[in-house]
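Below is coords-v9.pdb, holding PDB, C-alpha atoms and all ligand atoms.
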ATOM      1  CA  MET A   1      15.244  -3.209   1.095
ATOM      2  CA  SER A   2      17.947  -5.450   2.455
ATOM      3  CA  LEU A   3      16.337  -7.791   4.979
ATOM      4  CA  SER A   4      18.255 -10.546   6.698
ATOM      5  CA  HIS A   5      16.712 -13.432   8.606
ATOM      6  CA  HIS A   6      19.643 -13.157  11.000
ATOM      7  CA  SER A   7      19.393  -9.430  11.593
ATOM      8  CA  PRO A   8      16.691  -7.522  13.407
ATOM      9  CA  SER A   9      17.449  -4.500  11.218
ATOM     10  CA  SER A  10      16.864  -3.465   7.622
ATOM     11  CA  ASP A  11      18.205  -0.823   5.286
ATOM     12  CA  ILE A  12      15.238   0.933   3.764
ATOM     13  CA  THR A  13      14.340   4.168   2.046
ATOM     14  CA  LEU A  14      11.069   5.820   2.954
ATOM     15  CA  ARG A  15       9.514   8.439   0.731
ATOM     16  CA  ILE A  16       7.792  10.993   2.929
ATOM     17  CA  ASN A  17       6.262  14.289   1.803
ATOM     18  CA  GLY A  18       8.177  14.020  -1.464
ATOM     19  CA  THR A  19      11.600  13.414   0.113
ATOM     20  CA  SER A  20      13.487  10.114   0.231
ATOM     21  CA  HIS A  21      14.888   9.104   3.606
ATOM     22  CA  PRO A  22      17.406   6.232   3.608
ATOM     23  CA  MET A  23      17.808   4.632   7.037
ATOM     24  CA  THR A  24      18.669   1.510   8.940
ATOM     25  CA  ILE A  25      15.906   0.539  11.295
ATOM     26  CA  ASP A  26      14.907  -2.208  13.653
ATOM     27  CA  ASN A  27      12.323  -4.280  11.773
ATOM     28  CA  ARG A  28       9.871  -3.816  14.625
ATOM     29  CA  THR A  29       9.794  -0.016  14.363
ATOM     30  CA  THR A  30       6.422   1.438  13.490
ATOM     31  CA  LEU A  31       5.960   4.092  10.853
ATOM     32  CA  LEU A  32       4.717   6.395  13.616
ATOM     33  CA  ASP A  33       7.969   6.066  15.565
ATOM     34  CA  VAL A  34      10.057   6.613  12.440
ATOM     35  CA  LEU A  35       8.151   9.820  11.700
ATOM     36  CA  ARG A  36       8.387  11.185  15.208
ATOM     37  CA  GLU A  37      11.598   9.762  16.652
ATOM     38  CA  ARG A  38      13.861   9.406  13.608
ATOM     39  CA  LEU A  39      12.711  12.229  11.355
ATOM     40  CA  ALA A  40      11.340  14.734  13.908
ATOM     41  CA  LEU A  41       8.059  14.933  11.970
ATOM     42  CA  THR A  42       6.178  15.393  15.210
ATOM     43  CA  GLY A  43       2.992  16.687  13.627
ATOM     44  CA  THR A  44       1.801  13.081  13.596
ATOM     45  CA  LYS A  45       0.661  12.352  17.136
ATOM     46  CA  LYS A  46       0.843   9.271  19.325
ATOM     47  CA  GLY A  47      -2.341   8.762  21.285
ATOM     48  CA  CYS A  48      -3.161   5.172  22.117
ATOM     49  CA  ASP A  49      -0.349   3.489  20.114
ATOM     50  CA  HIS A  50      -2.645   0.603  19.287
ATOM     51  CA  GLY A  51      -5.043   1.654  16.570
ATOM     52  CA  GLN A  52      -7.920   3.046  18.573
ATOM     53  CA  CYS A  53      -7.730   6.846  18.481
ATOM     54  CA  GLY A  54      -6.641   7.896  14.980
ATOM     55  CA  ALA A  55      -4.186  10.537  16.255
ATOM     56  CA  CYS A  56      -1.410   8.923  14.205
ATOM     57  CA  THR A  57      -3.285   8.901  10.868
ATOM     58  CA  VAL A  58      -1.194   9.588   7.758
ATOM     59  CA  LEU A  59      -1.765   8.963   4.067
ATOM     60  CA  VAL A  60       0.004   6.053   2.373
ATOM     61  CA  ASP A  61      -0.497   5.976  -1.395
ATOM     62  CA  GLY A  62      -3.477   8.273  -0.771
ATOM     63  CA  GLU A  63      -5.151   5.933   1.714
ATOM     64  CA  ARG A  64      -5.458   6.854   5.383
ATOM     65  CA  VAL A  65      -3.713   4.497   7.751
ATOM     66  CA  ASN A  66      -2.985   4.382  11.457
ATOM     67  CA  SER A  67       0.789   4.715  11.397
ATOM     68  CA  CYS A  68       1.071   3.092  14.845
ATOM     69  CA  LEU A  69      -0.145  -0.152  13.244
ATOM     70  CA  VAL A  70       2.254  -0.124  10.280
ATOM     71  CA  PHE A  71       5.782  -1.506  10.416
ATOM     72  CA  ALA A  72       7.976   1.026   8.634
ATOM     73  CA  VAL A  73       9.686  -1.723   6.607
ATOM     74  CA  THR A  74       6.360  -2.410   4.874
ATOM     75  CA  ALA A  75       6.030   1.196   3.756
ATOM     76  CA  GLU A  76       9.039   1.195   1.448
ATOM     77  CA  GLU A  77       8.201   2.201  -2.125
ATOM     78  CA  ARG A  78       4.956   3.773  -0.939
ATOM     79  CA  GLU A  79       4.187   7.475  -1.045
ATOM     80  CA  ILE A  80       3.746   8.646   2.553
ATOM     81  CA  VAL A  81       2.181  12.014   3.353
ATOM     82  CA  SER A  82       2.031  13.314   6.913
ATOM     83  CA  ILE A  83       0.379  16.511   8.138
ATOM     84  CA  GLU A  84       3.584  18.408   7.304
ATOM     85  CA  GLY A  85       3.067  17.517   3.632
ATOM     86  CA  VAL A  86      -0.675  17.893   3.092
ATOM     87  CA  ALA A  87      -0.564  21.560   2.035
ATOM     88  CA  ALA A  88       1.604  20.540  -0.910
ATOM     89  CA  LEU A  89      -1.200  18.257  -2.114
ATOM     90  CA  SER A  90      -3.344  21.249  -3.033
ATOM     91  CA  ASP A  91      -2.785  23.611  -5.907
ATOM     92  CA  GLY A  92      -0.229  26.052  -4.624
ATOM     93  CA  GLY A  93      -2.134  27.208  -1.551
ATOM     94  CA  GLU A  94      -0.401  27.691   1.765
ATOM     95  CA  LEU A  95      -2.952  25.387   3.332
ATOM     96  CA  HIS A  96      -4.850  22.379   2.058
ATOM     97  CA  PRO A  97      -8.593  23.181   1.691
ATOM     98  CA  VAL A  98      -9.298  20.785   4.570
ATOM     99  CA  GLN A  99      -6.823  22.639   6.808
ATOM    100  CA  ARG A 100      -8.428  25.944   5.866
ATOM    101  CA  ALA A 101     -11.908  24.558   6.596
ATOM    102  CA  PHE A 102     -10.802  23.314  10.050
ATOM    103  CA  LEU A 103      -9.630  26.839  10.872
ATOM    104  CA  ASP A 104     -12.776  28.457   9.504
ATOM    105  CA  HIS A 105     -15.083  26.146  11.506
ATOM    106  CA  ASP A 106     -13.139  25.924  14.785
ATOM    107  CA  GLY A 107     -12.522  22.232  14.185
ATOM    108  CA  LEU A 108      -9.917  22.152  16.930
ATOM    109  CA  GLN A 109      -9.419  23.113  20.538
ATOM    110  CA  CYS A 110      -6.152  21.755  21.941
ATOM    111  CA  GLY A 111      -5.199  20.545  18.467
ATOM    112  CA  TYR A 112      -3.710  17.223  19.549
ATOM    113  CA  CYS A 113      -6.035  15.141  17.398
ATOM    114  CA  THR A 114      -6.108  17.650  14.520
ATOM    115  CA  PRO A 115      -3.280  16.328  12.303
ATOM    116  CA  GLY A 116      -4.871  12.883  12.337
ATOM    117  CA  GLN A 117      -8.333  14.327  11.767
ATOM    118  CA  ILE A 118      -7.132  16.320   8.756
ATOM    119  CA  CYS A 119      -5.265  13.398   7.178
ATOM    120  CA  SER A 120      -8.276  11.199   7.824
ATOM    121  CA  ALA A 121     -10.638  13.767   6.286
ATOM    122  CA  ILE A 122      -8.498  14.003   3.144
ATOM    123  CA  GLY A 123      -8.506  10.220   2.909
ATOM    124  CA  ALA A 124     -12.264  10.064   3.533
ATOM    125  CA  LEU A 125     -12.957  12.611   0.789
ATOM    126  CA  GLY A 126     -10.796  10.551  -1.532
ATOM    127  CA  GLU A 127     -12.789   7.421  -0.681
ATOM    128  CA  ALA A 128     -16.107   9.184  -1.257
ATOM    129  CA  GLY A 129     -14.752  10.646  -4.494
ATOM    130  CA  ARG A 130     -14.050   7.123  -5.692
ATOM    131  CA  GLY A 131     -17.637   6.182  -4.894
ATOM    132  CA  TRP A 132     -16.909   4.046  -1.835
ATOM    133  CA  PRO A 133     -19.975   3.589   0.378
ATOM    134  CA  SER A 134     -19.833   3.769   4.164
ATOM    135  CA  HIS A 135     -21.828   1.819   6.719
ATOM    136  CA  VAL A 136     -24.604   4.455   6.547
ATOM    137  CA  THR A 137     -24.728   4.956   2.771
ATOM    138  CA  GLU A 138     -28.307   4.334   1.685
ATOM    139  CA  ASP A 139     -27.517   2.254  -1.381
ATOM    140  CA  THR A 140     -24.227   0.537  -0.682
ATOM    141  CA  ALA A 141     -24.230  -1.141  -4.102
ATOM    142  CA  ALA A 142     -24.488   2.212  -5.871
ATOM    143  CA  GLY A 143     -22.040   3.882  -3.476
ATOM    144  CA  MET A 144     -21.469   7.637  -3.580
ATOM    145  CA  ALA A 145     -21.875   9.509  -6.846
ATOM    146  CA  ASP A 146     -19.960  12.549  -5.656
ATOM    147  CA  VAL A 147     -18.229  13.892  -2.542
ATOM    148  CA  ALA A 148     -20.741  16.733  -2.545
ATOM    149  CA  GLU A 149     -23.379  14.128  -1.605
ATOM    150  CA  LEU A 150     -21.819  13.676   1.826
ATOM    151  CA  ASP A 151     -24.021  14.745   4.698
ATOM    152  CA  ALA A 152     -23.275  15.086   8.414
ATOM    153  CA  ARG A 153     -24.256  11.475   9.100
ATOM    154  CA  GLU A 154     -21.864  10.225   6.442
ATOM    155  CA  VAL A 155     -19.062  12.438   7.713
ATOM    156  CA  ARG A 156     -19.555  11.277  11.311
ATOM    157  CA  GLU A 157     -19.489   7.636  10.242
ATOM    158  CA  ARG A 158     -16.493   8.031   7.944
ATOM    159  CA  MET A 159     -14.525   9.961  10.585
ATOM    160  CA  SER A 160     -15.521   7.687  13.454
ATOM    161  CA  GLY A 161     -12.038   6.207  13.762
ATOM    162  CA  ASN A 162     -10.683   9.571  14.926
ATOM    163  CA  LEU A 163     -11.364  10.501  18.533
ATOM    164  CA  CYS A 164     -11.218  14.035  19.910
ATOM    165  CA  ARG A 165     -10.909  14.415  23.634
ATOM    166  CA  CYS A 166     -11.833  18.096  23.441
ATOM    167  CA  GLY A 167     -15.101  17.199  21.727
ATOM    168  CA  ALA A 168     -14.593  19.525  18.764
ATOM    169  CA  TYR A 169     -16.729  17.206  16.678
ATOM    170  CA  ASN A 170     -19.328  19.722  15.493
ATOM    171  CA  GLY A 171     -16.657  21.974  14.024
ATOM    172  CA  ILE A 172     -14.866  18.989  12.499
ATOM    173  CA  VAL A 173     -18.041  17.784  10.780
ATOM    174  CA  GLU A 174     -18.765  21.271   9.439
ATOM    175  CA  ALA A 175     -15.195  21.578   8.192
ATOM    176  CA  VAL A 176     -15.283  18.262   6.355
ATOM    177  CA  LEU A 177     -18.656  19.103   4.837
ATOM    178  CA  GLU A 178     -17.350  22.426   3.619
ATOM    179  CA  ALA A 179     -14.249  20.789   2.149
ATOM    180  CA  ALA A 180     -16.474  18.220   0.451
ATOM    181  CA  GLY A 181     -18.592  20.870  -1.206
ATOM    182  CA  ALA A 182     -15.863  23.414  -1.705
ATOM    183  CA  GLU A 183     -14.482  24.286  -5.025
ATOM    184  CA  GLY A 184     -11.610  21.876  -5.466
ATOM    185  CA  ALA A 185     -13.256  19.068  -3.531
ATOM    186  CA  GLN A 186     -12.832  16.846  -6.545
ATOM    187  CA  ASP A 187      -9.142  17.698  -6.606
ATOM    188  CA  THR A 188      -8.962  16.725  -2.962
ATOM    189  CA  ALA A 189     -10.691  13.474  -3.788
ATOM    190  CA  THR A 190      -8.302  12.786  -6.613
ATOM    191  CA  VAL A 191      -5.264  13.610  -4.566
ATOM    192  CA  GLY A 192      -6.494  11.401  -1.782
ATOM    193  CA  GLY A 193      -7.160   8.558  -4.130
ATOM    194  CA  ALA A 194      -4.999   8.252  -7.152
ATOM    195  CA  ARG A 195      -1.570   8.651  -5.647
TER
HETATM  196  S1  LIG B 201      -1.882   6.304  18.152
HETATM  197 FE1  LIG B 201      -2.394   5.177  16.388
HETATM  198  S2  LIG B 201      -4.538   4.914  16.535
HETATM  199 FE2  LIG B 201      -3.998   5.856  18.426
HETATM  200  S1  LIG B 202      -8.892  19.235  19.630
HETATM  201 FE1  LIG B 202      -8.156  18.489  21.520
HETATM  202  S2  LIG B 202      -8.204  16.322  21.267
HETATM  203 FE2  LIG B 202      -9.213  17.087  19.528
END

Translate this structure into structure tokens?
Ligand code: FES
Ligand code: FES
Amino acid sequence: MSLSHHSPSSDITLRINGTSHPMTIDNRTTLLDVLRERLALTGTKKGCDHGQCGACTVLVDGERVNSCLVFAVTAEEREIVSIEGVAALSDGGELHPVQRAFLDHDGLQCGYCTPGQICSAIGALGEAGRGWPSHVTEDTAAGMADVAELDAREVRERMSGNLCRCGAYNGIVEAVLEAAGAEGAQDTATVGGAR
């Protein structure tokens, strides 16, 4: 990255869904605005634009982040995955197992929050797969032994940063639980964690 103290702009290259995107951007541009306004990756949604709704969630090096809170210049040399790229994380399927589970359990109504929910769910499964406890994990020192240990309470807590104005929460919880227990859940956890 070429960053000048005298210039409000930087030349950066962002790696998104496996493709490198060189660009010159105003240093104050958020990752969310780069995705939507510069690269037309409009699957990532803008809800509140200040970190409260989760609609803008993407994966950065396998961790879920609110892209409205990230300056794009800080994301250089990171591996960014938006909803347009999540299917490619799974083994050759047209859809990621979490996407499939959302369809199977009616985890969406209008769909506005869905890209963020799905990215967040993939990140959450990765966290659980690495043993991270949540606020409601019984033994926080021991953490989670396996993603298949997740129950509805855990899923609700871990997904609590993602709001759904349609109230599709029951379907979302069922979808995440199915993805957690589904064959390939460990792969999902690995993909969400090790990259
Ligand atoms: S748009 Fe980023 S959290 Fe709401
Ligand atoms: S499905 Fe409409 S906001 Fe969640």

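The interatomic distance for the pair CA of Gly111 (chain A) and CA of Ala148 (chain A) works out to 26.4 Å.
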
Task: Expected selection as an MDAnalysis selection string for ligand LIG 202 (chain B) within 10 Å, all atoms listed in the file - done: chainID A and resid 47 53 55 106:117 162:169 171:172

Task: Option closest in space to ligand LIG 201 (chain B), from A:Gln99, A:Thr57, A:Thr137, A:Thr24 [counting only C-alpha atoms and all ligand atoms] - done: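 Among the listed residues, A:Thr57 lies closest to ligand LIG 201 (chain B).
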
TODO: Decode the PyMOL selection byres (((not hetatm)) within 7 of (chain B and resi 201)) for the given file into explicit residues and return them as a VMD selection string.
DONE: chain A and resid 45 to 57 66 to 69

Open item on the list: I'd like to know which of A:Asp91, A:Glu138, A:His105, A:Glu149 is closest to Glu174 (chain A), using all atoms listed in the file.
Closed with: A:His105

Open item on the list: Starting from the PyMOL selection byres (((chain A and resi 11-23) around 12) and not hetatm), expand the selection into actual residues of this file and give them as an MDAnalysis selection string.
Closed with: chainID A and resid 1:4 7:10 24:27 29 31 34:35 38:39 41 58:62 71:89 195

Open item on the list: Just the number, please: distance in Å from CA of Val147 (chain A) to CA of Gly181 (chain A), one decimal.
Closed with: 7.1 Å

Open item on the list: What's the separation between CA of Asp151 (chain A) and CA of His96 (chain A), in Å to one decimal place?
Closed with: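 Interatomic distance, CA of Asp151 (chain A) to CA of His96 (chain A): 20.8 Å.
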
Task: Residue among A:Ala180, A:Leu95, A:Leu103, A:Val173 lying closest to Ala128 (chain A), counting all atoms listed in the file - done: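 Going through A:Ala180, A:Leu95, A:Leu103, A:Val173 one by one, the smallest distance to Ala128 (chain A) is for A:Ala180.
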
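Minimum distance to Ala179 (chain A) across A:Ala145, A:Ile122, A:Thr30, A:Asp139 (counting all atoms listed in the file) occurs at A:Ile122.
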
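Proximity ranking of A:Cys119, A:Arg28, A:Glu127, A:Ser160 relative to Phe102 (chain A) places A:Cys119 first, based on all atoms listed in the file.
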
Task: From A:Ala175, A:Gly129, A:Leu32, A:Arg64, residue lying nearest Asp104 (chain A) [only C-alpha atoms] - done: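 The shortest atom-to-atom distance to Asp104 (chain A) comes from A:Ala175.
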
Let me have the centre and edge lengths of the axis-aligned box enclosing all listed atoms of region 17-20 of chain A with 3 Å padding on every side, in Å to one decimal, as JSON.
{"center_x": 9.9, "center_y": 12.2, "center_z": 0.2, "size_x": 13.2, "size_y": 10.2, "size_z": 9.3}
